[in-house]
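input-v7.pdb, holding PDB, C-alpha atoms (C1' of nucleotides):
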```pdb
MODEL        1
ATOM      1  CA  MET Z   1       0.000   0.000   0.000
ATOM      2  CA  HIS Z   2       1.746   3.135   1.079
ATOM      3  CA  SER Z   3       5.168   2.544   2.401
ATOM      4  CA  CYS Z   4       8.431   4.246   1.855
ATOM      5  CA  GLY Z   5       9.074   1.474  -0.621
ATOM      6  CA  VAL Z   6       8.251   3.920  -3.420
ATOM      7  CA  THR Z   7       7.621   1.460  -6.178
ATOM      8  CA  ASN Z   8       7.301   2.353  -9.835
ATOM      9  CA  THR Z   9       3.521   2.792  -9.514
ATOM     10  CA  ALA Z  10       1.692   4.498 -12.311
ATOM     11  CA  ILE Z  11      -0.010   7.210 -10.299
ATOM     12  CA  ASP Z  12      -3.588   8.171 -10.946
ATOM     13  CA  LEU Z  13      -2.878  11.821 -11.483
ATOM     14  CA  THR Z  14      -6.489  12.915 -11.517
ATOM     15  CA  ARG Z  15      -7.189  11.238  -8.257
ATOM     16  CA  ALA Z  16      -4.036  12.648  -6.742
ATOM     17  CA  ALA Z  17      -4.890  16.120  -8.013
ATOM     18  CA  ARG Z  18      -8.291  15.942  -6.362
ATOM     19  CA  ARG Z  19      -6.673  15.078  -3.093
ATOM     20  CA  PHE Z  20      -4.062  17.765  -3.253
ATOM     21  CA  HIS Z  21      -6.836  20.180  -3.976
ATOM     22  CA  ALA Z  22      -8.295  19.297  -0.619
ATOM     23  CA  LEU Z  23      -5.029  20.382   0.958
ATOM     24  CA  SER Z  24      -4.870  23.605  -1.017
ATOM     25  CA  ASP Z  25      -6.704  25.737   1.494
ATOM     26  CA  ALA Z  26      -5.426  27.178   4.739
ATOM     27  CA  THR Z  27      -8.672  26.583   6.601
ATOM     28  CA  ARG Z  28      -8.685  22.940   5.626
ATOM     29  CA  LEU Z  29      -5.061  22.545   6.621
ATOM     30  CA  GLY Z  30      -5.952  24.145   9.925
ATOM     31  CA  ILE Z  31      -8.691  21.609  10.427
ATOM     32  CA  LEU Z  32      -6.355  18.732   9.669
ATOM     33  CA  GLN Z  33      -3.816  20.166  12.044
ATOM     34  CA  MET Z  34      -6.366  20.238  14.847
ATOM     35  CA  LEU Z  35      -7.533  16.748  14.050
ATOM     36  CA  GLY Z  36      -3.945  15.672  14.419
ATOM     37  CA  ASP Z  37      -4.565  15.875  18.147
ATOM     38  CA  GLY Z  38      -7.533  13.589  17.869
ATOM     39  CA  GLU Z  39     -11.213  13.571  17.117
ATOM     40  CA  ARG Z  40     -13.085  16.886  17.269
ATOM     41  CA  CYS Z  41     -16.672  17.979  16.972
ATOM     42  CA  VAL Z  42     -17.574  20.770  14.601
ATOM     43  CA  CYS Z  43     -18.327  23.178  17.414
ATOM     44  CA  ASP Z  44     -14.817  22.779  18.782
ATOM     45  CA  LEU Z  45     -13.282  23.518  15.426
ATOM     46  CA  GLN Z  46     -15.588  26.463  15.023
ATOM     47  CA  GLY Z  47     -14.308  28.025  18.183
ATOM     48  CA  ASP Z  48     -10.648  27.417  17.553
ATOM     49  CA  LEU Z  49     -10.588  28.305  13.886
ATOM     50  CA  ASP Z  50     -12.920  31.263  14.196
ATOM     51  CA  ALA Z  51     -14.868  30.229  11.110
ATOM     52  CA  ALA Z  52     -18.561  30.563  10.420
ATOM     53  CA  GLN Z  53     -20.448  27.345  10.820
ATOM     54  CA  SER Z  54     -21.522  26.928   7.215
ATOM     55  CA  ARG Z  55     -18.028  27.671   6.021
ATOM     56  CA  LEU Z  56     -16.594  25.037   8.260
ATOM     57  CA  SER Z  57     -19.200  22.547   7.175
ATOM     58  CA  PHE Z  58     -18.268  23.237   3.579
ATOM     59  CA  HIS Z  59     -14.587  22.578   4.178
ATOM     60  CA  LEU Z  60     -15.252  19.492   6.237
ATOM     61  CA  MET Z  61     -17.268  18.133   3.372
ATOM     62  CA  ALA Z  62     -14.385  18.812   1.020
ATOM     63  CA  LEU Z  63     -12.016  16.919   3.282
ATOM     64  CA  LYS Z  64     -14.468  14.078   3.618
ATOM     65  CA  ASP Z  65     -14.960  13.827  -0.141
ATOM     66  CA  ALA Z  66     -11.224  13.625  -0.537
ATOM     67  CA  GLY Z  67     -11.090  10.791   1.938
ATOM     68  CA  LEU Z  68      -8.944  12.740   4.353
ATOM     69  CA  VAL Z  69     -11.359  12.616   7.268
ATOM     70  CA  THR Z  70     -14.378  10.636   8.426
ATOM     71  CA  ASP Z  71     -17.229  11.701  10.587
ATOM     72  CA  ARG Z  72     -19.279  10.035  13.230
ATOM     73  CA  LYS Z  73     -22.504  11.301  14.725
ATOM     74  CA  GLU Z  74     -23.203  11.094  18.392
ATOM     75  CA  ALA Z  75     -26.197  12.768  19.942
ATOM     76  CA  ARG Z  76     -26.191  16.322  18.673
ATOM     77  CA  TRP Z  77     -22.598  16.324  17.638
ATOM     78  CA  SER Z  78     -20.614  15.380  14.576
ATOM     79  CA  TYR Z  79     -17.119  14.241  15.320
ATOM     80  CA  TYR Z  80     -14.428  14.319  12.677
ATOM     81  CA  THR Z  81     -11.283  12.236  12.586
ATOM     82  CA  LEU Z  82      -8.233  12.036  10.358
ATOM     83  CA  MET Z  83      -7.876   9.133   7.990
ATOM     84  CA  PRO Z  84      -4.134   8.694   8.304
ATOM     85  CA  ASP Z  85      -3.850   6.244   5.445
ATOM     86  CA  THR Z  86      -4.907   8.832   2.920
ATOM     87  CA  LEU Z  87      -2.281  11.256   4.129
ATOM     88  CA  GLY Z  88       0.120   8.381   3.860
ATOM     89  CA  GLU Z  89      -0.792   7.813   0.234
ATOM     90  CA  MET Z  90      -0.297  11.457  -0.587
ATOM     91  CA  HIS Z  91       3.029  11.460   1.086
ATOM     92  CA  ASP Z  92       4.006   8.603  -1.158
ATOM     93  CA  VAL Z  93       2.788  10.387  -4.257
ATOM     94  CA  ILE Z  94       5.082  13.279  -3.462
ATOM     95  CA  LEU Z  95       7.982  10.943  -3.018
ATOM     96  CA  VAL Z  96       7.302   9.209  -6.289
ATOM     97  CA  LEU Z  97       6.878  12.516  -8.077
ATOM     98  CA  GLY Z  98      10.331  13.604  -7.203
ATOM     99  CA  THR Z  99      11.819  10.379  -8.280
ATOM    100  CA  GLU Z 100      10.075   8.268 -10.890
ATOM    101  CA  GLN Z 101      13.113   6.634 -12.418
ATOM    102  CA  SER Z 102      15.944   7.981 -10.361
ATOM    103  CA  LYS Z 103      16.606   6.080  -7.206
ATOM    104  CA  GLY Z 104      19.389   8.478  -6.412
ATOM    105  CA  ARG Z 105      17.200  11.505  -6.246
ATOM    106  CA  ARG Z 106      14.709   9.607  -4.180
ATOM    107  CA  LEU Z 107      17.128   9.087  -1.381
ATOM    108  CA  LYS Z 108      18.090  12.707  -1.513
ATOM    109  CA  ILE Z 109      14.504  13.725  -0.969
ATOM    110  CA  LEU Z 110      14.083  11.292   1.812
ATOM    111  CA  GLY Z 111      16.931  12.908   3.622
ATOM    112  CA  ARG Z 112      18.102  10.867   6.537
ATOM    113  CA  CYS Z 113      14.966   8.785   6.340
ATOM    114  CA  CYS Z 114      14.955   5.230   5.089
ATOM    115  CA  GLY Z 115      18.708   5.558   5.028
TER     116      GLY Z 115
ATOM    117  CA  MET R   1      15.135  22.205   7.223
ATOM    118  CA  HIS R   2      13.115  19.342   5.853
ATOM    119  CA  SER R   3      14.094  16.050   7.264
ATOM    120  CA  CYS R   4      12.063  13.174   8.492
ATOM    121  CA  GLY R   5      12.801  14.579  11.895
ATOM    122  CA  VAL R   6       9.299  16.044  11.885
ATOM    123  CA  THR R   7       9.761  18.597  14.617
ATOM    124  CA  ASN R   8       6.938  20.547  16.236
ATOM    125  CA  THR R   9       7.213  23.291  13.590
ATOM    126  CA  ALA R  10       4.424  25.806  13.399
ATOM    127  CA  ILE R  11       3.553  25.423   9.748
ATOM    128  CA  ASP R  12       2.747  28.395   7.592
ATOM    129  CA  LEU R  13      -0.597  27.110   6.456
ATOM    130  CA  THR R  14      -1.134  29.764   3.820
ATOM    131  CA  ARG R  15       2.185  29.061   2.241
ATOM    132  CA  ALA R  16       1.579  25.347   2.381
ATOM    133  CA  ALA R  17      -1.882  25.766   0.885
ATOM    134  CA  ARG R  18      -0.437  27.705  -2.033
ATOM    135  CA  ARG R  19       1.998  24.920  -2.698
ATOM    136  CA  PHE R  20      -0.560  22.181  -2.494
ATOM    137  CA  HIS R  21      -2.626  24.157  -4.903
ATOM    138  CA  ALA R  22       0.185  23.809  -7.389
ATOM    139  CA  LEU R  23      -0.147  20.060  -7.056
ATOM    140  CA  SER R  24      -3.914  20.107  -7.398
ATOM    141  CA  ASP R  25      -3.993  19.725 -11.158
ATOM    142  CA  ALA R  26      -3.416  16.620 -13.225
ATOM    143  CA  THR R  27      -1.532  18.460 -15.948
ATOM    144  CA  ARG R  28       0.868  19.935 -13.440
ATOM    145  CA  LEU R  29       1.384  16.576 -11.792
ATOM    146  CA  GLY R  30       2.086  15.172 -15.236
ATOM    147  CA  ILE R  31       4.708  17.821 -15.794
ATOM    148  CA  LEU R  32       6.353  17.060 -12.483
ATOM    149  CA  GLN R  33       6.307  13.394 -13.291
ATOM    150  CA  MET R  34       8.107  14.010 -16.562
ATOM    151  CA  LEU R  35      10.612  16.278 -14.918
ATOM    152  CA  GLY R  36      11.335  13.445 -12.550
ATOM    153  CA  ASP R  37      13.348  11.976 -15.399
ATOM    154  CA  GLY R  38      15.381  15.146 -15.695
ATOM    155  CA  GLU R  39      15.350  18.538 -17.307
ATOM    156  CA  ARG R  40      12.941  19.121 -20.186
ATOM    157  CA  CYS R  41      12.255  21.918 -22.612
ATOM    158  CA  VAL R  42       8.726  23.165 -23.072
ATOM    159  CA  CYS R  43       8.438  21.722 -26.546
ATOM    160  CA  ASP R  44       9.195  18.245 -25.240
ATOM    161  CA  LEU R  45       6.499  18.515 -22.612
ATOM    162  CA  GLN R  46       4.133  19.863 -25.196
ATOM    163  CA  GLY R  47       4.533  16.785 -27.300
ATOM    164  CA  ASP R  48       4.318  14.262 -24.522
ATOM    165  CA  LEU R  49       1.468  15.864 -22.610
ATOM    166  CA  ASP R  50      -0.488  16.862 -25.669
ATOM    167  CA  ALA R  51      -1.208  20.301 -24.274
ATOM    168  CA  ALA R  52      -1.543  23.588 -26.076
ATOM    169  CA  GLN R  53       1.467  25.801 -25.725
ATOM    170  CA  SER R  54      -0.169  28.589 -23.764
ATOM    171  CA  ARG R  55      -1.796  26.101 -21.470
ATOM    172  CA  LEU R  56       1.517  24.502 -20.725
ATOM    173  CA  SER R  57       3.139  27.845 -20.192
ATOM    174  CA  PHE R  58       0.416  28.720 -17.736
ATOM    175  CA  HIS R  59       0.950  25.590 -15.695
ATOM    176  CA  LEU R  60       4.695  25.893 -15.764
ATOM    177  CA  MET R  61       4.346  29.379 -14.380
ATOM    178  CA  ALA R  62       2.144  28.033 -11.600
ATOM    179  CA  LEU R  63       4.741  25.438 -10.713
ATOM    180  CA  LYS R  64       7.488  28.011 -10.831
ATOM    181  CA  ASP R  65       5.585  30.415  -8.598
ATOM    182  CA  ALA R  66       5.135  27.635  -6.113
ATOM    183  CA  GLY R  67       8.861  26.998  -6.141
ATOM    184  CA  LEU R  68       8.440  23.488  -7.472
ATOM    185  CA  VAL R  69      10.468  23.987 -10.628
ATOM    186  CA  THR R  70      13.053  26.356 -12.029
ATOM    187  CA  ASP R  71      13.721  27.300 -15.572
ATOM    188  CA  ARG R  72      16.815  28.030 -17.543
ATOM    189  CA  LYS R  73      16.984  29.582 -20.986
ATOM    190  CA  GLU R  74      19.347  28.342 -23.618
ATOM    191  CA  ALA R  75      19.194  29.575 -27.168
ATOM    192  CA  ARG R  76      15.575  29.337 -28.226
ATOM    193  CA  TRP R  77      14.579  26.919 -25.543
ATOM    194  CA  SER R  78      13.396  27.070 -21.953
ATOM    195  CA  TYR R  79      14.383  24.118 -19.863
ATOM    196  CA  TYR R  80      12.523  23.255 -16.699
ATOM    197  CA  THR R  81      13.829  21.270 -13.759
ATOM    198  CA  LEU R  82      12.398  19.993 -10.504
ATOM    199  CA  MET R  83      13.339  21.692  -7.271
ATOM    200  CA  PRO R  84      13.453  18.604  -5.115
ATOM    201  CA  ASP R  85      13.785  20.507  -1.860
ATOM    202  CA  THR R  86      10.345  22.000  -2.211
ATOM    203  CA  LEU R  87       8.796  18.603  -2.729
ATOM    204  CA  GLY R  88      10.720  17.552   0.328
ATOM    205  CA  GLU R  89       9.182  20.341   2.368
ATOM    206  CA  MET R  90       5.714  19.401   1.268
ATOM    207  CA  HIS R  91       6.324  15.818   2.118
ATOM    208  CA  ASP R  92       7.228  16.970   5.597
ATOM    209  CA  VAL R  93       4.130  19.117   5.911
ATOM    210  CA  ILE R  94       2.014  16.077   5.215
ATOM    211  CA  LEU R  95       3.827  14.119   7.844
ATOM    212  CA  VAL R  96       3.423  16.850  10.423
ATOM    213  CA  LEU R  97      -0.243  17.248   9.568
ATOM    214  CA  GLY R  98      -0.974  13.711  10.456
ATOM    215  CA  THR R  99       0.872  13.964  13.693
ATOM    216  CA  GLU R 100       1.320  17.303  15.411
ATOM    217  CA  GLN R 101       1.471  16.133  18.984
ATOM    218  CA  SER R 102       1.181  12.427  18.646
ATOM    219  CA  LYS R 103       4.479  10.716  18.048
ATOM    220  CA  GLY R 104       2.725   7.379  17.928
ATOM    221  CA  ARG R 105       0.608   8.245  14.974
ATOM    222  CA  ARG R 106       3.566   9.748  13.230
ATOM    223  CA  LEU R 107       5.376   6.468  13.141
ATOM    224  CA  LYS R 108       2.276   4.766  11.910
ATOM    225  CA  ILE R 109       2.113   7.071   8.928
ATOM    226  CA  LEU R 110       5.736   6.595   8.211
ATOM    227  CA  GLY R 111       5.168   2.885   8.031
ATOM    228  CA  ARG R 112       8.366   0.970   7.921
ATOM    229  CA  CYS R 113      10.299   4.142   7.323
ATOM    230  CA  CYS R 114      12.503   5.756   9.925
ATOM    231  CA  GLY R 115      12.390   2.517  11.832
TER     232      GLY R 115
ATOM    233  C1'  DC T   1     -44.301  21.194  24.784
ATOM    234  C1'  DG T   2     -41.204  25.139  23.771
ATOM    235  C1'  DA T   3     -36.571  27.004  23.619
ATOM    236  C1'  DA T   4     -31.887  26.257  22.576
ATOM    237  C1'  DT T   5     -27.925  23.861  20.448
ATOM    238  C1'  DC T   6     -25.587  21.501  16.725
ATOM    239  C1'  DC T   7     -24.877  21.043  12.058
ATOM    240  C1'  DA T   8     -26.040  20.111   7.052
ATOM    241  C1'  DT T   9     -27.806  22.292   3.096
ATOM    242  C1'  DC T  10     -29.390  25.866   0.011
ATOM    243  C1'  DA T  11     -29.439  30.187  -2.808
ATOM    244  C1'  DA T  12     -27.024  34.187  -4.127
ATOM    245  C1'  DC T  13     -23.009  36.350  -4.862
ATOM    246  C1'  DT T  14     -18.045  37.002  -5.613
ATOM    247  C1'  DT T  15     -13.639  35.569  -6.649
ATOM    248  C1'  DC T  16     -10.464  32.640  -8.624
ATOM    249  C1'  DC T  17      -8.894  29.111 -12.201
ATOM    250  C1'  DA T  18      -8.135  26.966 -16.408
ATOM    251  C1'  DC T  19      -8.471  27.172 -21.273
ATOM    252  C1'  DT T  20      -8.357  29.251 -25.921
ATOM    253  C1'  DG T  21      -6.718  32.026 -29.519
ATOM    254  C1'  DA T  22      -3.931  35.896 -30.655
ATOM    255  C1'  DT T  23       0.016  38.650 -30.350
ATOM    256  C1'  DC T  24       4.756  39.578 -29.515
ATOM    257  C1'  DA T  25       9.693  39.217 -28.369
ATOM    258  C1'  DA T  26      13.875  36.517 -28.883
ATOM    259  C1'  DC T  27      16.627  33.694 -31.343
ATOM    260  C1'  DG T  28      18.703  30.866 -35.262
ATOM    261  C1'  DA T  29      18.975  29.411 -39.925
ATOM    262  C1'  DG T  30      19.073  30.300 -44.663
TER     263       DG T  30
ATOM    264  C1'  DC X   1      17.299  40.741 -43.721
ATOM    265  C1'  DT X   2      13.533  37.483 -43.676
ATOM    266  C1'  DC X   3      11.346  33.582 -42.186
ATOM    267  C1'  DG X   4      10.316  29.766 -38.950
ATOM    268  C1'  DT X   5      10.520  28.272 -34.251
ATOM    269  C1'  DT X   6      10.174  28.697 -29.253
ATOM    270  C1'  DG X   7       7.725  30.235 -25.546
ATOM    271  C1'  DA X   8       5.826  34.179 -22.627
ATOM    272  C1'  DT X   9       1.879  37.066 -22.085
ATOM    273  C1'  DC X  10      -2.673  39.049 -22.789
ATOM    274  C1'  DA X  11      -7.831  39.469 -23.183
ATOM    275  C1'  DG X  12     -11.928  37.060 -23.076
ATOM    276  C1'  DT X  13     -14.800  33.298 -21.514
ATOM    277  C1'  DG X  14     -16.937  29.489 -18.862
ATOM    278  C1'  DG X  15     -17.047  27.149 -14.924
ATOM    279  C1'  DA X  16     -15.532  25.798 -10.327
ATOM    280  C1'  DA X  17     -14.714  27.032  -5.716
ATOM    281  C1'  DG X  18     -15.368  29.840  -1.495
ATOM    282  C1'  DT X  19     -18.225  32.960   1.445
ATOM    283  C1'  DT X  20     -22.313  34.577   3.663
ATOM    284  C1'  DG X  21     -26.815  34.431   5.572
ATOM    285  C1'  DA X  22     -30.983  31.900   6.048
ATOM    286  C1'  DT X  23     -33.596  27.664   6.677
ATOM    287  C1'  DG X  24     -34.673  23.305   8.627
ATOM    288  C1'  DG X  25     -33.965  18.766  10.800
ATOM    289  C1'  DA X  26     -32.325  16.424  14.844
ATOM    290  C1'  DT X  27     -31.494  16.400  19.533
ATOM    291  C1'  DT X  28     -31.398  17.860  24.291
ATOM    292  C1'  DC X  29     -32.954  20.413  28.251
ATOM    293  C1'  DG X  30     -36.152  22.995  31.175
TER     294       DG X  30
ENDMDL
END
```

Whole structure given in structure tokens:
Amino acid sequence: MHSCGVTNTAIDLTRAARRFHALSDATRLGILQMLGDGERCVCDLQGDLDAAQSRLSFHLMALKDAGLVTDRKEARWSYYTLMPDTLGEMHDVILVLGTEQSKGRRLKILGRCCG
Amino acid sequence: MHSCGVTNTAIDLTRAARRFHALSDATRLGILQMLGDGERCVCDLQGDLDAAQSRLSFHLMALKDAGLVTDRKEARWSYYTLMPDTLGEMHDVILVLGTEQSKGRRLKILGRCCG
DNA sequence: CGAATCCATCAACTTCCACTGATCAACGAG
DNA sequence: CTCGTTGATCAGTGGAAGTTGATGGATTCG
């Protein structure tokens, strides 16, 4: 699946583009950052990100469509969580992008990782 | 700078968003993929990506603005090259996003990487 | 039940992107 | 010098994406 094994892998560019689009907004990145600490309900995010409710809902939907988060309803609240595997896939796409054929460059990008 | 060391690092979300935006288009990802094999002139890309010249120019500009590629002029031609460090930074942003405070989750995303 | 909270959804509007076709500057070749 | 090639840039256009404010459904609490 997604490992640092960076195989040849013909990437689905359209799919990847859609996902990167989900990351191309500061509000959405802010949401992901908060979710990095664990599950959050919308009202929490609303307070911390100082965003109108409908705006937040819009961005959460975008993240959900991209497969970057999931939601869960409990009582009145909707809780959102990261889907770490998707971030993992995207991380791999970036690695592959910089490297395709050249193993040498790959290691350079990886830095001291996977050394 | 960008290493798998994934430090705390307050990320500049706006800057990151702008960069991810550059990756949010299949044509641009295609360009990056081709540049993974090494420097290319615009006319090469044009042939292989089957894109109109002004369209290509537009996307190359977007990639350049995002710091993902550089260009070099020689005679009649413009040659474009990847800037691997920028891809490296973005790769780190993704890692940090999934992790912020939680070291445990970080390792999970990294998979077998960084042991 | 009635009031309040949480959140998704909708319509209206604005802003931003991507694409096309045209033009133009730079360069090299004949 | 003239012509063909390379590629940047520009104006115009259609459509997608983001924002706001309002509405309504679901749920909880008094």

Quiz prompt | Minimum-distance residue to chain R, chosen among Z:Val93, Z:Leu56, Z:Leu49, Z:Ala62 (using all atoms listed in the file) | solution =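 Distance minimum relative to chain R lands on Z:Val93.
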
Exercise. Could you jot down the CA of Asp25 in chain R to CA of Val69 in chain R separation for me, Å, one decimal place?
Key: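 If I compute the distance from CA of Asp25 in chain R to CA of Val69 in chain R, I get 15.1 Å.
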
Exactly which residues make up the result of the PyMOL selection byres ((chain R) within 8 of (chain T)) on this file, given as an mmCIF file with C-alpha atoms, keeping the file's coordinate frame?
```cif
data_model
loop_
_atom_site.group_PDB
_atom_site.id
_atom_site.type_symbol
_atom_site.label_atom_id
_atom_site.label_comp_id
_atom_site.auth_asym_id
_atom_site.auth_seq_id
_atom_site.Cartn_x
_atom_site.Cartn_y
_atom_site.Cartn_z
ATOM 1 C CA ARG R 55 -1.796 26.101 -21.470
ATOM 2 C CA ALA R 75 19.194 29.575 -27.168
ATOM 3 C CA ARG R 76 15.575 29.337 -28.226
#
```

Quiz item: Using the chain letters and numbers from the file, which residues does the PyMOL selection byres ((chain X) within 8 of (chain Z)) grab, as a ChimeraX atom specification?
Solution: /X:19,26-28

Quiz item: Do you know which residues are at most 10 Å from Lys64 in chain R counting all atoms listed in the file, after dropping those on the same chain fewer than 5 positions away, and could you put them as a list in words?
Solution: Ala22, Phe58, His59, Val69, Thr70, Asp71, Tyr80, Thr81, Leu82 and Met83 of chain R

Quiz prompt | Between CA of Ala26 in chain R and CA of Leu13 in chain Z - distance in Å to one decimal | solution = 5.1 Å

Self-check item: d(CA of Ala16 in chain R, CA of Gln33 in chain Z) in Å
Solution: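 Separating CA of Ala16 in chain R from CA of Gln33 in chain Z is a distance of 12.2 Å.
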
Practice problem: Identify all residues satisfying the PyMOL selection byres ((chain Z and resi 66) around 9) in the given file; provide them as an MDAnalysis selection string. | Solution: chainID Z and resid 18:22 61:65 67:69 86

Quiz prompt | Val42 in chain Z surroundings by only C-alpha atoms (C1' of nucleotides), 7 Å radius, close-in-sequence under 4 positions cut, as number ranges by chain | solution = Z: 46, 78-79
